[in-house]
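Okay, structure-v1.txt is below, compact mmCIF, C-alpha atoms:
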# COMPACT_ATOMS: atom_id res chain seq x y z
CA MET A 457 -9.29 -26.28 25.87
CA ASP A 458 -12.90 -27.03 26.71
CA GLY A 459 -15.17 -30.05 26.78
CA PRO A 460 -16.66 -32.66 29.10
CA ASP A 461 -14.77 -32.94 32.37
CA HIS A 462 -12.48 -35.92 33.04
CA LYS A 463 -10.28 -36.76 35.99
CA GLY A 464 -6.64 -35.82 35.56
CA LEU A 465 -6.99 -33.39 32.65
CA ILE A 466 -4.82 -30.72 34.23
CA TYR A 467 -2.14 -33.28 35.05
CA GLN A 468 -2.20 -34.78 31.56
CA VAL A 469 -1.84 -31.43 29.80
CA THR A 470 0.94 -30.16 32.02
CA ARG A 471 2.74 -33.53 31.82
CA ILE A 472 2.73 -33.43 28.04
CA LEU A 473 4.01 -29.86 28.04
CA PHE A 474 6.78 -30.79 30.50
CA GLU A 475 7.81 -33.80 28.42
CA HIS A 476 8.20 -31.50 25.41
CA ASN A 477 10.33 -28.94 27.24
CA GLN A 478 7.60 -26.35 27.62
CA ASN A 479 7.44 -24.02 30.61
CA VAL A 480 3.97 -23.40 32.06
CA ILE A 481 3.63 -19.72 32.92
CA ARG A 482 0.02 -19.68 34.09
CA ASN A 483 -2.88 -22.09 34.29
CA ASP A 484 -6.56 -21.33 34.84
CA GLU A 485 -9.43 -23.75 34.84
CA TYR A 486 -13.13 -23.92 35.62
CA VAL A 487 -15.70 -26.72 35.78
CA SER A 488 -19.34 -25.70 35.33
CA PRO A 489 -22.12 -27.19 37.50
CA SER A 490 -23.09 -29.34 34.50
CA GLY A 491 -19.60 -30.87 34.35
CA TYR A 492 -18.17 -28.91 31.44
CA PHE A 493 -14.45 -28.18 31.72
CA PHE A 494 -12.57 -25.06 30.63
CA MET A 495 -8.80 -24.60 30.79
CA ARG A 496 -6.39 -21.95 29.57
CA THR A 497 -2.67 -22.64 29.84
CA ALA A 498 -0.01 -20.08 28.99
CA PHE A 499 3.34 -21.70 28.21
CA SER A 500 6.61 -20.92 26.47
CA GLY A 501 9.35 -22.85 24.68
CA ASP A 502 10.46 -23.89 21.23
CA VAL A 503 7.96 -26.26 19.69
CA VAL A 504 6.25 -27.10 16.41
CA VAL A 505 2.69 -26.07 17.23
CA ALA A 506 1.02 -28.48 14.80
CA ASP A 507 3.00 -31.42 16.18
CA LEU A 508 2.23 -30.54 19.80
CA LEU A 509 -1.45 -30.18 19.01
CA GLN A 510 -1.52 -33.62 17.42
CA ILE A 511 0.13 -35.14 20.50
CA LEU A 512 -2.42 -33.49 22.78
CA LYS A 513 -5.31 -34.75 20.65
CA LYS A 514 -3.87 -38.26 20.66
CA GLU A 515 -3.24 -38.52 24.40
CA LEU A 516 -6.23 -36.63 25.80
CA PRO A 517 -9.81 -37.97 25.93
CA GLU A 518 -12.00 -37.56 22.87
CA GLY A 519 -14.57 -34.77 22.69
CA LEU A 520 -12.30 -31.96 23.83
CA ASN A 521 -11.89 -28.75 21.85
CA LEU A 522 -8.16 -28.05 21.69
CA ARG A 523 -6.53 -24.87 20.42
CA ILE A 524 -3.00 -23.49 20.56
CA ASN A 525 -2.97 -19.76 19.92
CA PRO A 526 0.41 -18.10 19.27
CA ASN A 527 1.12 -15.03 21.38
CA LYS A 528 0.68 -12.45 18.63
CA LYS A 529 -1.37 -9.39 17.88
CA LYS A 530 -4.74 -10.00 16.24
CA ASP A 531 -5.56 -8.44 12.88
CA ILE A 532 -8.77 -6.42 13.08
CA VAL A 533 -11.00 -4.09 11.08
CA VAL A 534 -13.00 -1.43 12.92
CA MET A 535 -16.48 -0.49 11.72
CA VAL A 536 -17.99 2.90 12.63
CA THR A 537 -20.78 5.30 11.71
CA LYS A 538 -20.62 8.88 13.02
CA GLU A 539 -19.57 8.79 16.69
CA HIS A 540 -15.87 9.24 17.33
CA HIS A 541 -15.32 8.43 21.00
CA CYS A 542 -14.77 4.65 20.82
CA LEU A 543 -12.86 4.85 17.55
CA GLY A 544 -10.64 7.66 18.85
CA ASP A 545 -9.82 5.66 21.98
CA LEU A 546 -8.89 2.59 19.91
CA LEU A 547 -6.73 4.64 17.55
CA ILE A 548 -4.78 6.22 20.40
CA ARG A 549 -4.26 2.85 22.09
CA TYR A 550 -3.11 1.45 18.75
CA ALA A 551 -0.71 4.34 18.18
CA PHE A 552 0.91 3.73 21.57
CA ASP A 553 0.99 -0.08 21.20
CA GLU A 554 -1.62 -0.69 23.91
CA LEU A 555 -4.26 -2.52 21.86
CA ASP A 556 -2.80 -6.02 21.33
CA ALA A 557 -4.05 -5.76 17.75
CA ASN A 558 -3.22 -4.44 14.31
CA ILE A 559 -5.91 -2.14 12.92
CA LEU A 560 -5.83 -3.02 9.24
CA ALA A 561 -8.57 -0.59 8.20
CA VAL A 562 -11.63 1.37 9.29
CA VAL A 563 -14.92 0.91 7.42
CA SER A 564 -17.81 3.35 7.68
CA ASN A 565 -21.14 4.07 6.04
CA TYR A 566 -20.39 7.80 6.46
CA ASN A 567 -17.29 9.81 5.56
CA ILE A 568 -17.39 11.92 8.73
CA LEU A 569 -14.55 10.15 10.58
CA GLN A 570 -12.13 9.90 7.65
CA PRO A 571 -10.06 12.97 8.74
CA LEU A 572 -9.57 11.43 12.20
CA VAL A 573 -8.48 8.06 10.82
CA SER A 574 -6.11 9.63 8.29
CA LYS A 575 -4.09 11.17 11.13
CA PHE A 576 -3.07 7.64 12.14
CA GLY A 577 -2.14 6.44 8.64
CA ILE A 578 -4.82 3.74 8.58
CA PRO A 579 -6.86 2.99 5.43
CA PHE A 580 -10.42 4.35 5.61
CA HIS A 581 -13.16 2.88 3.45
CA TYR A 582 -16.34 4.89 2.99
CA ILE A 583 -19.05 2.50 1.85
CA THR A 584 -22.35 4.32 1.74
CA HIS A 585 -25.64 2.61 2.42
CA GLU A 586 -27.55 5.19 0.39
CA ASN A 587 -29.56 3.77 -2.53
CA ARG A 588 -28.58 0.23 -1.58
CA THR A 589 -30.50 -2.56 0.05
CA ARG A 590 -29.05 -3.84 3.30
CA GLU A 591 -27.83 -6.91 1.47
CA GLU A 592 -26.16 -4.88 -1.27
CA HIS A 593 -24.46 -2.70 1.32
CA GLU A 594 -23.17 -5.69 3.24
CA GLU A 595 -21.92 -7.34 0.06
CA ALA A 596 -19.87 -4.22 -0.67
CA ILE A 597 -18.45 -4.28 2.87
CA LEU A 598 -17.62 -7.98 2.61
CA ARG A 599 -15.71 -7.39 -0.62
CA THR A 600 -13.55 -4.86 1.21
CA LEU A 601 -13.09 -7.12 4.23
CA ASP A 602 -12.03 -9.94 1.94
CA VAL A 603 -8.99 -7.87 0.98
CA TYR A 604 -7.87 -7.62 4.62
CA ARG A 605 -9.09 -10.98 6.00
CA PRO A 606 -9.33 -9.76 9.60
CA GLU A 607 -9.44 -12.14 12.52
CA PHE A 608 -11.99 -9.92 14.30
CA LEU A 609 -14.39 -7.11 13.50
CA VAL A 610 -14.90 -4.39 16.10
CA LEU A 611 -18.16 -2.45 15.91
CA ALA A 612 -17.10 0.83 17.53
CA LYS A 613 -20.56 2.44 17.49
CA TYR A 614 -21.50 1.03 14.09
CA MET A 615 -25.16 1.96 14.10
CA ARG A 616 -26.61 -0.42 11.56
CA ILE A 617 -28.22 -3.80 12.14
CA ILE A 618 -26.27 -6.53 10.38
CA THR A 619 -27.91 -9.55 8.83
CA PRO A 620 -27.41 -13.24 9.72
CA THR A 621 -25.65 -13.73 6.39
CA PHE A 622 -23.03 -11.18 7.40
CA VAL A 623 -22.69 -12.54 10.94
CA ASP A 624 -22.18 -16.05 9.59
CA GLN A 625 -19.00 -14.87 7.86
CA PHE A 626 -17.44 -14.06 11.26
CA PRO A 627 -18.90 -16.45 13.84
CA ASN A 628 -17.96 -15.31 17.36
CA ARG A 629 -15.54 -12.84 15.80
CA ILE A 630 -17.59 -9.63 15.86
CA VAL A 631 -17.37 -7.53 19.04
CA ASN A 632 -19.94 -4.79 19.64
CA ILE A 633 -20.19 -2.06 22.28
CA HIS A 634 -23.72 -1.30 23.44
CA HIS A 635 -24.81 1.87 25.20
CA SER A 636 -26.63 0.10 28.02
CA PHE A 637 -26.12 -2.34 30.83
CA LEU A 638 -28.07 -4.97 28.92
CA PRO A 639 -30.94 -5.53 28.95
CA ALA A 640 -32.11 -1.93 29.23
CA PHE A 641 -33.58 0.92 27.22
CA ILE A 642 -33.82 0.14 23.53
CA GLY A 643 -34.49 2.24 20.47
CA ALA A 644 -33.60 5.84 19.78
CA ASN A 645 -32.07 8.27 22.29
CA PRO A 646 -31.46 5.87 25.19
CA TYR A 647 -29.98 8.56 27.44
CA ARG A 648 -33.11 10.70 27.06
CA GLN A 649 -35.19 7.68 28.03
CA ALA A 650 -32.91 7.05 31.00
CA TYR A 651 -33.13 10.67 32.09
CA GLU A 652 -36.90 10.75 31.84
CA ARG A 653 -37.16 7.55 33.90
CA GLY A 654 -34.85 8.95 36.58
CA VAL A 655 -32.39 6.06 36.47
CA LYS A 656 -29.73 5.77 39.15
CA ILE A 657 -27.14 3.89 37.10
CA ILE A 658 -26.10 3.91 33.47
CA GLY A 659 -23.76 1.45 31.87
CA ALA A 660 -22.26 -0.18 28.82
CA THR A 661 -21.98 -3.75 27.55
CA ALA A 662 -19.47 -5.31 25.17
CA HIS A 663 -20.67 -8.52 23.58
CA PHE A 664 -20.16 -10.84 20.66
CA VAL A 665 -22.65 -10.38 17.84
CA ASN A 666 -24.99 -13.21 16.92
CA ASN A 667 -28.23 -13.39 14.98
CA HIS A 668 -30.34 -12.02 17.85
CA LEU A 669 -30.12 -8.25 18.26
CA ASP A 670 -28.03 -7.30 21.31
CA GLU A 671 -28.34 -10.80 22.76
CA GLY A 672 -24.90 -12.21 21.98
CA PRO A 673 -22.53 -13.56 24.66
CA ILE A 674 -21.52 -10.76 27.03
CA ILE A 675 -17.79 -10.13 27.45
CA ALA A 676 -17.59 -7.11 29.77
CA GLN A 677 -19.90 -4.63 31.48
CA ASP A 678 -19.69 -1.63 33.80
CA VAL A 679 -22.04 0.88 35.39
CA LYS A 680 -21.77 4.40 36.76
CA SER A 681 -24.00 5.99 39.39
CA VAL A 682 -26.09 9.01 38.43
CA ASP A 683 -28.79 11.06 40.16
CA HIS A 684 -31.40 13.74 39.51
CA ARG A 685 -28.77 16.48 39.23
CA GLN A 686 -27.40 15.09 35.96
CA THR A 687 -29.00 16.01 32.66
CA ALA A 688 -29.43 13.72 29.69
CA SER A 689 -26.34 15.37 28.19
CA ASP A 690 -24.35 14.67 31.37
CA MET A 691 -25.44 11.05 31.23
CA ALA A 692 -24.47 10.77 27.57
CA THR A 693 -20.98 12.11 28.34
CA LEU A 694 -20.52 9.69 31.24
CA GLY A 695 -21.96 6.90 29.11
CA LYS A 696 -19.44 7.50 26.34
CA GLU A 697 -16.56 7.28 28.81
CA THR A 698 -18.00 4.01 30.11
CA GLU A 699 -18.38 2.65 26.58
CA LYS A 700 -14.73 3.36 25.83
CA SER A 701 -13.44 1.63 28.95
CA VAL A 702 -15.74 -1.40 28.60
CA LEU A 703 -14.86 -1.90 24.94
CA SER A 704 -11.15 -1.63 25.71
CA LYS A 705 -11.44 -4.17 28.53
CA ALA A 706 -13.43 -6.59 26.37
CA LEU A 707 -10.99 -6.38 23.47
CA LYS A 708 -8.03 -7.01 25.76
CA LEU A 709 -9.71 -10.20 26.98
CA VAL A 710 -10.60 -11.34 23.46
CA PHE A 711 -7.25 -10.51 21.88
CA ASN A 712 -5.42 -12.36 24.66
CA ASP A 713 -7.50 -15.50 24.05
CA ARG A 714 -9.06 -15.44 27.50
CA VAL A 715 -12.69 -15.77 26.40
CA PHE A 716 -14.53 -19.08 25.96
CA ILE A 717 -18.04 -19.12 24.51
CA HIS A 718 -20.43 -21.79 25.71
CA GLN A 719 -24.22 -21.79 25.27
CA ASN A 720 -24.42 -18.03 24.65
CA ARG A 721 -22.35 -17.29 27.76
CA THR A 722 -18.70 -16.39 28.14
CA ILE A 723 -16.20 -17.95 30.51
CA ILE A 724 -13.24 -15.62 31.17
CA LEU A 725 -10.00 -17.31 32.21
Translate the structure of the given file into structure tokens.
Amino acid sequence: MDGPDHKGLIYQVTRILFEHNQNVIRNDEYVSPSGYFFMRTAFSGDVVVADLLQILKKELPEGLNLRINPNKKKDIVVMVTKEHHCLGDLLIRYAFDELDANILAVVSNYNILQPLVSKFGIPFHYITHENRTREEHEEAILRTLDVYRPEFLVLAKYMRIITPTFVDQFPNRIVNIHHSFLPAFIGANPYRQAYERGVKIIGATAHFVNNHLDEGPIIAQDVKSVDHRQTASDMATLGKETEKSVLSKALKLVFNDRVFIHQNRTIIL
């Protein structure tokens, strides 16, 4: 739940849940300096979700955004290009039931990673961008995604810029992993740039995708210390490990419905 703050909101929500035989397991809330309220309540019990949501909407003040998300795995499609490290990490976590999601398919503009994906019994769709405009390529991808109807898309090193038309199909439902502690080095070969500048930290950023390149709401970040002894290759290896861990952390937060988006920022409860 999020919206303008009002006195007694926590009491009202928990009272309604109590009156309908629900057990509150955890409650987290936050009020921004501007007076905007965020609240995440985990509860259990037998209830008709639609009926409970209607009761909450009726008894709580107007203007609040209310959602009840069942505790279930999210359905996702992973999009990749050539790099295997993030995809491989997700596939292993999925195989050992550590992802909180069902990987319905993997989509790529290259066929390089198909042998890896096939080992996990997951459909792989090779949709080349060759001899296609960006719009034609995205239309082909969207036709494939329409078959699966994923709740989220995960860009696990998908190295193509996607258009606003594509993003609009999945508002706040595309998660990307970026090879920098944003904002940082942009363009080709970021680790070479970092090495040549003698940086002392490298990092990774997981964020939602919007219509501004690499400027979507940030979900998770991490950095690692480096020094002059490490080559660009060393930094790339360390960076890949950081990318894997940051993406995994971000997806866990998103798939467990702990992320609120407000004015291009995230609130994690």
So that I can check the surroundings of segment 685-689 of chain A, please list as a PyMOL selection string every protein, DNA and RNA residue that reaches within 6 Å of it, counting all atoms listed in the file and ignoring chain neighbours fewer than 4 positions away. chain A and resi 647-648+651
Write the residues you've just listed into a file as a CSV table (one decimal), in the coordinates of the input, and include C-alpha atoms for each of them.
chain,number,residue,atom,x,y,z
A,647,TYR,CA,-30.0,8.6,27.4
A,648,ARG,CA,-33.1,10.7,27.1
A,651,TYR,CA,-33.1,10.7,32.1
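Straight-line separation from atom CA of Ile578 of chain A to atom CA of Glu594 of chain A: 21.3 Å.
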Between atom CA of Asp502 of chain A and atom CA of Glu485 of chain A, distance in Å (one decimal): 24.1 Å
Taking a cut-off of 10 Å and counting all atoms listed in the file, can you build a table that, for each residue of segment 610-674 of chain A near segment 555-570 of chain A, reports the nearest atom pair and how far apart they are in Å (one decimal), sorted by chain then residue number, as a tab-separated table?
residue	atom	partner	partner_atom	distance
A:Val610	CA	A:Val562	CA	9.5
A:Leu611	CA	A:Val563	CA	9.7
A:Ala612	CA	A:Val562	CA	9.9
A:Tyr614	CA	A:Ser564	CA	7.8
A:Met615	CA	A:Asn565	CA	9.3
A:Arg616	CA	A:Asn565	CA	9.0
Restricting the calculation to all atoms listed in the file: of A:Ala650, A:Ile675, A:Gly577, A:Leu473, which residue gets closest to Asp690 of chain A?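 The closest residue to Asp690 of chain A is A:Ala650.
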Fewer than 6 positions away in the same chain doesn't count, so skip those; otherwise give me all residues within 12 Å of Ser636 of chain A, counting all atoms listed in the file, as a count of residues only. 29
Near Gln510 of chain A, counting all atoms listed in the file, which residues have an atom at most 12 Å away, once you skip same-chain residues fewer than 3 positions from it, shown as a PyMOL selection string? chain A and resi 472+504-507+513-516+522-524
Using all atoms listed in the file, which of A:Pro620, A:Pro571, A:Gly491, A:Pro517 sits nearest Gln468 of chain A?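 That would be A:Pro517, the residue with the smallest distance to Gln468 of chain A.
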To one decimal place, how far is atom CA of Asn587 of chain A from atom CA of Glu539 of chain A in Å?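 Going from atom CA of Asn587 of chain A over to atom CA of Glu539 of chain A covers 22.2 Å.
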Cut-off 10 Å: closest segment 517-616 of chain A/segment 713-725 of chain A atom pairs per residue, using all atoms listed in the file, as CSV:
residue,atom,partner,partner_atom,distance
A:Ile524,CA,A:Asp713,CA,9.8
A:Asn525,CA,A:Asp713,CA,7.5
A:Pro526,CA,A:Asp713,CA,9.6
A:Asn527,CA,A:Asp713,CA,9.0
A:Lys530,CA,A:Asp713,CA,9.9
Here is a test: counting all atoms listed in the file, which residue of A:Val623, A:Leu508, A:Ala644, A:Val533 is nearest to Asn477 of chain A?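 Looking at the shortest contact to Asn477 of chain A, the residue is A:Leu508.
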